[in-house]
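Here's the structure, in C-alpha cells; my notes come after.
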Amino acid sequence: MANILMVVSAADSLTMKDGSEHPTGYWAEELVVSHQTLTEAGNSVHIATPGGRKPTVDQVSLAAESAGGEERAQGFRDYIAKIDGELAHPLVLADVDIAAYDAVVMPGGHGPMADLYKDADLGRLLVAADRSGKIIAPFCHGPAGLLSATDDDGGFAFKGRRLTVFTNEEELGGGTGENTPWLVEDALKAKGAVVENAAAWTSNVVRDGNLITGQNPQSSEDVAKEVLKALG
C-alpha cells in the first residue's frame, strides 16, 4: 500500500481579467475520480491544502451538464459527502513531510490558478519530491501548481519536462473564456515546459519519468491509473 498526498487548492474564487471575482475551487470529477480510484486500489490518500483550510468544490462541476448527467453529478455529491471528514480537516501543506509519501497528486479546477501556482510551501515540497524520484501527478489546472517550484538557481524546476495541461483551446472555448486572467498552458511554456496536448476534451496523459500529467477532467481516471502503474 502506498501513501499518496493529494494537494488541493483552498481558493474559493479567482480574480478575473476584468477585476471581478469568479467563484471556483476544486473540480468535483477530478478529486472524486482520482481519490476513489487510488483508495479502491488499497492506497492511503491524505488531503492537504494551503493553511489546512477546507477546500471548496466548484458548484459548476456539480451541475448535471458539467458532470455528464444528473446521476453522475449525484455520485460526485455523495462521494464528497462521504469523505467530508477528510475534506474538513486537511493537512496543513506547510507541515507536510514529503518523506512520508510515495506520490503527490494534484487535481484541478480553477482554484490552483489562485493559490497553488505561487505557494512556496508547495514549491519546496515538489522540488523535494522530484529530487527523490517520487511520483508527481497534477492534471487539468493542477499543473499550475508546478509553477511554484524553483530550483537552487531560482529557475523553473520542471523546465524541459514533458507534460500536458488544460489547453488554451479548452479554457477559451469551454472554461472561463476571454476573461481568464492568465492561461496555464502559456505560463508553463513560458517557463520552459514541453507541453504535449491532444484534442480538446479527450483524455490525454503524458508521463516523463516520475512526472505524470493529465490534460482535463476527462483524464482523471487515466492519470490515477498511471499513478497506480508507476507505484507498481
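Lettering and numbering for the C-alpha cells are positional, with chains as A, B, ... in the shown order, residues counted from 1 in each chain, and ligands counted from 1 in the shown order.
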Quick one: which segment 155-232 of chain A residues come within 10 Å of segment 120-130 of chain A, and what is the nearest atom pair for each with the distance in Å to one decimal, counting only C-alpha atoms, rows ordered by chain and ascending number, as a tab-separated table?
residue	atom	partner	partner_atom	distance
A:Phe156	CA	A:Val127	CA	10.0
A:Ala157	CA	A:Val127	CA	6.8
A:Phe158	CA	A:Val127	CA	8.9
A:Gly209	CA	A:Asp130	CA	9.9
A:Asn210	CA	A:Asp130	CA	7.4
A:Leu211	CA	A:Asp130	CA	8.2
Create the file for the chosen residues now, containing C-alpha atoms and written as a PDB file, in the first residue's frame.
ATOM      1  CA  PHE A 156      11.723  26.631 -13.009  1.00  0.00           C
ATOM      2  CA  ALA A 157      12.293  23.195 -11.513  1.00  0.00           C
ATOM      3  CA  PHE A 158      10.368  21.448 -14.297  1.00  0.00           C
ATOM      4  CA  GLY A 209       9.829   9.836 -15.724  1.00  0.00           C
ATOM      5  CA  ASN A 210       8.267  10.484 -12.334  1.00  0.00           C
ATOM      6  CA  LEU A 211       6.082  13.316 -13.712  1.00  0.00           C
TER       7      LEU A 211
END
Show me, as CSV, the residues of segment 48-104 of chain A having an atom within 9 Å of segment 14-30 of chain A, each with the closest atom pair and its distance in Å, using only C-alpha atoms.
residue,atom,partner,partner_atom,distance
A:Pro55,CA,A:Gly25,CA,6.8
A:Thr56,CA,A:Gly25,CA,4.9
A:Val57,CA,A:Tyr26,CA,5.0
A:Asp58,CA,A:Gly25,CA,4.7
A:Gln59,CA,A:Thr24,CA,7.5
A:Val60,CA,A:Thr24,CA,8.2
A:Ser61,CA,A:Ala28,CA,5.6
A:Leu62,CA,A:Ala28,CA,6.6
A:Ala67,CA,A:Glu29,CA,7.0
A:Ala73,CA,A:Glu29,CA,8.5
A:Phe76,CA,A:Ala28,CA,6.4
A:Arg77,CA,A:Ala28,CA,8.1
A:Ile80,CA,A:Ala28,CA,8.0
For C-alpha atoms, I'd like the residues from the last selection saved as a tab-separated table (two decimals), in the first residue's frame.
chain	number	residue	atom	x	y	z
A	55	PRO	CA	-11.31	23.14	0.09
A	56	THR	CA	-14.36	24.39	-1.78
A	57	VAL	CA	-15.97	22.42	-4.56
A	58	ASP	CA	-16.70	24.42	-7.70
A	59	GLN	CA	-20.50	24.32	-7.84
A	60	VAL	CA	-20.45	24.35	-11.63
A	61	SER	CA	-18.73	20.95	-11.51
A	62	LEU	CA	-21.73	19.51	-9.66
A	67	ALA	CA	-20.74	16.18	-14.70
A	73	ALA	CA	-23.40	14.55	-10.58
A	76	PHE	CA	-19.94	13.11	-7.08
A	77	ARG	CA	-22.05	14.80	-4.38
A	80	ILE	CA	-17.79	14.30	-1.45
*Near Glu226 of chain A, counting only C-alpha atoms, which residues have an atom at most 10 Å away, once you skip same-chain residues fewer than 5 positions from it, shown as a list in words?*
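Result of the neighbour search: Ala137, Val205, Val206, Arg207, Ile212, Thr213, Gly214, Glu221, Leu231 and Gly232 of chain A.
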Produce a file of the selected residues containing all heavy atoms, as a PDB file, in the first residue's frame.
ATOM      1  N   ALA A 137       1.880  13.992  -9.858  1.00  0.00           N
ATOM      2  CA  ALA A 137       0.814  13.821 -10.843  1.00  0.00           C
ATOM      3  C   ALA A 137      -0.262  14.898 -10.759  1.00  0.00           C
ATOM      4  O   ALA A 137      -1.306  14.704 -10.147  1.00  0.00           O
ATOM      5  CB  ALA A 137       0.190  12.436 -10.687  1.00  0.00           C
ATOM      6  N   VAL A 205      -2.837  11.644 -21.243  1.00  0.00           N
ATOM      7  CA  VAL A 205      -1.894  11.536 -20.133  1.00  0.00           C
ATOM      8  C   VAL A 205      -0.478  11.503 -20.698  1.00  0.00           C
ATOM      9  O   VAL A 205      -0.200  10.765 -21.642  1.00  0.00           O
ATOM     10  CB  VAL A 205      -2.150  10.259 -19.298  1.00  0.00           C
ATOM     11  CG1 VAL A 205      -1.108  10.125 -18.179  1.00  0.00           C
ATOM     12  CG2 VAL A 205      -3.553  10.293 -18.701  1.00  0.00           C
ATOM     13  N   VAL A 206       0.395  12.325 -20.142  1.00  0.00           N
ATOM     14  CA  VAL A 206       1.792  12.364 -20.558  1.00  0.00           C
ATOM     15  C   VAL A 206       2.655  11.991 -19.361  1.00  0.00           C
ATOM     16  O   VAL A 206       2.513  12.575 -18.282  1.00  0.00           O
ATOM     17  CB  VAL A 206       2.190  13.768 -21.080  1.00  0.00           C
ATOM     18  CG1 VAL A 206       3.687  13.834 -21.350  1.00  0.00           C
ATOM     19  CG2 VAL A 206       1.404  14.114 -22.339  1.00  0.00           C
ATOM     20  N   ARG A 207       3.542  11.027 -19.567  1.00  0.00           N
ATOM     21  CA  ARG A 207       4.471  10.657 -18.495  1.00  0.00           C
ATOM     22  C   ARG A 207       5.903  10.946 -18.916  1.00  0.00           C
ATOM     23  O   ARG A 207       6.337  10.537 -19.992  1.00  0.00           O
ATOM     24  CB  ARG A 207       4.329   9.177 -18.124  1.00  0.00           C
ATOM     25  CG  ARG A 207       5.275   8.790 -16.985  1.00  0.00           C
ATOM     26  CD  ARG A 207       5.056   7.397 -16.462  1.00  0.00           C
ATOM     27  NE  ARG A 207       6.021   7.110 -15.398  1.00  0.00           N
ATOM     28  CZ  ARG A 207       6.112   5.949 -14.768  1.00  0.00           C
ATOM     29  NH1 ARG A 207       5.294   4.962 -15.080  1.00  0.00           N
ATOM     30  NH2 ARG A 207       7.023   5.779 -13.811  1.00  0.00           N
ATOM     31  N   ILE A 212       3.765  12.695 -14.050  1.00  0.00           N
ATOM     32  CA  ILE A 212       2.591  12.210 -14.770  1.00  0.00           C
ATOM     33  C   ILE A 212       1.563  13.338 -14.793  1.00  0.00           C
ATOM     34  O   ILE A 212       1.172  13.836 -13.737  1.00  0.00           O
ATOM     35  CB  ILE A 212       1.991  10.975 -14.083  1.00  0.00           C
ATOM     36  CG1 ILE A 212       3.004   9.822 -14.077  1.00  0.00           C
ATOM     37  CG2 ILE A 212       0.692  10.544 -14.762  1.00  0.00           C
ATOM     38  CD1 ILE A 212       2.596   8.642 -13.202  1.00  0.00           C
ATOM     39  N   THR A 213       1.139  13.750 -15.986  1.00  0.00           N
ATOM     40  CA  THR A 213       0.180  14.856 -16.083  1.00  0.00           C
ATOM     41  C   THR A 213      -1.006  14.471 -16.948  1.00  0.00           C
ATOM     42  O   THR A 213      -0.900  13.636 -17.848  1.00  0.00           O
ATOM     43  CB  THR A 213       0.850  16.107 -16.677  1.00  0.00           C
ATOM     44  OG1 THR A 213       1.525  15.757 -17.896  1.00  0.00           O
ATOM     45  CG2 THR A 213       1.866  16.705 -15.706  1.00  0.00           C
ATOM     46  N   GLY A 214      -2.141  15.106 -16.685  1.00  0.00           N
ATOM     47  CA  GLY A 214      -3.357  14.877 -17.460  1.00  0.00           C
ATOM     48  C   GLY A 214      -3.906  16.199 -17.957  1.00  0.00           C
ATOM     49  O   GLY A 214      -3.735  17.243 -17.325  1.00  0.00           O
ATOM     50  N   GLU A 221      -9.364   9.635 -14.446  1.00  0.00           N
ATOM     51  CA  GLU A 221      -9.195   8.214 -14.145  1.00  0.00           C
ATOM     52  C   GLU A 221      -7.900   7.672 -14.737  1.00  0.00           C
ATOM     53  O   GLU A 221      -7.184   6.885 -14.090  1.00  0.00           O
ATOM     54  CB  GLU A 221     -10.381   7.403 -14.664  1.00  0.00           C
ATOM     55  CG  GLU A 221     -10.307   5.933 -14.286  1.00  0.00           C
ATOM     56  CD  GLU A 221     -11.542   5.149 -14.684  1.00  0.00           C
ATOM     57  OE1 GLU A 221     -12.463   5.726 -15.310  1.00  0.00           O
ATOM     58  OE2 GLU A 221     -11.601   3.941 -14.361  1.00  0.00           O
ATOM     59  N   LEU A 231       3.464   3.206  -9.355  1.00  0.00           N
ATOM     60  CA  LEU A 231       3.751   2.774  -7.988  1.00  0.00           C
ATOM     61  C   LEU A 231       3.956   1.264  -7.908  1.00  0.00           C
ATOM     62  O   LEU A 231       4.464   0.763  -6.894  1.00  0.00           O
ATOM     63  CB  LEU A 231       2.591   3.183  -7.063  1.00  0.00           C
ATOM     64  CG  LEU A 231       2.471   4.687  -6.773  1.00  0.00           C
ATOM     65  CD1 LEU A 231       1.172   4.964  -6.042  1.00  0.00           C
ATOM     66  CD2 LEU A 231       3.661   5.181  -5.969  1.00  0.00           C
ATOM     67  N   GLY A 232       3.526   0.570  -8.975  1.00  0.00           N
ATOM     68  CA  GLY A 232       3.724  -0.873  -9.015  1.00  0.00           C
ATOM     69  C   GLY A 232       2.704  -1.621  -8.189  1.00  0.00           C
ATOM     70  O   GLY A 232       2.953  -2.751  -7.734  1.00  0.00           O
TER      71      GLY A 232
END
_Please list as a ChimeraX atom specification every residue within 9 Å of Ala10 of chain A, counting only C-alpha atoms and excluding residues in the same chain fewer than 4 positions away._
/A:25-26,49-56,111-112,114-116
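Distance annotation: of A:Val165, A:Met1, A:Val184, A:Val33, the residue with the minimal separation from Ala199 of chain A is A:Val165; atom set is only C-alpha atoms.
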*asked:* I need the residue nearest Ala48 of chain A from this list: A:Arg72, A:Lys159, A:His89, A:Lys225. Use only C-alpha atoms for the distance.
replied: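 Counting only C-alpha atoms, the residue closest to Ala48 of chain A is A:His89.
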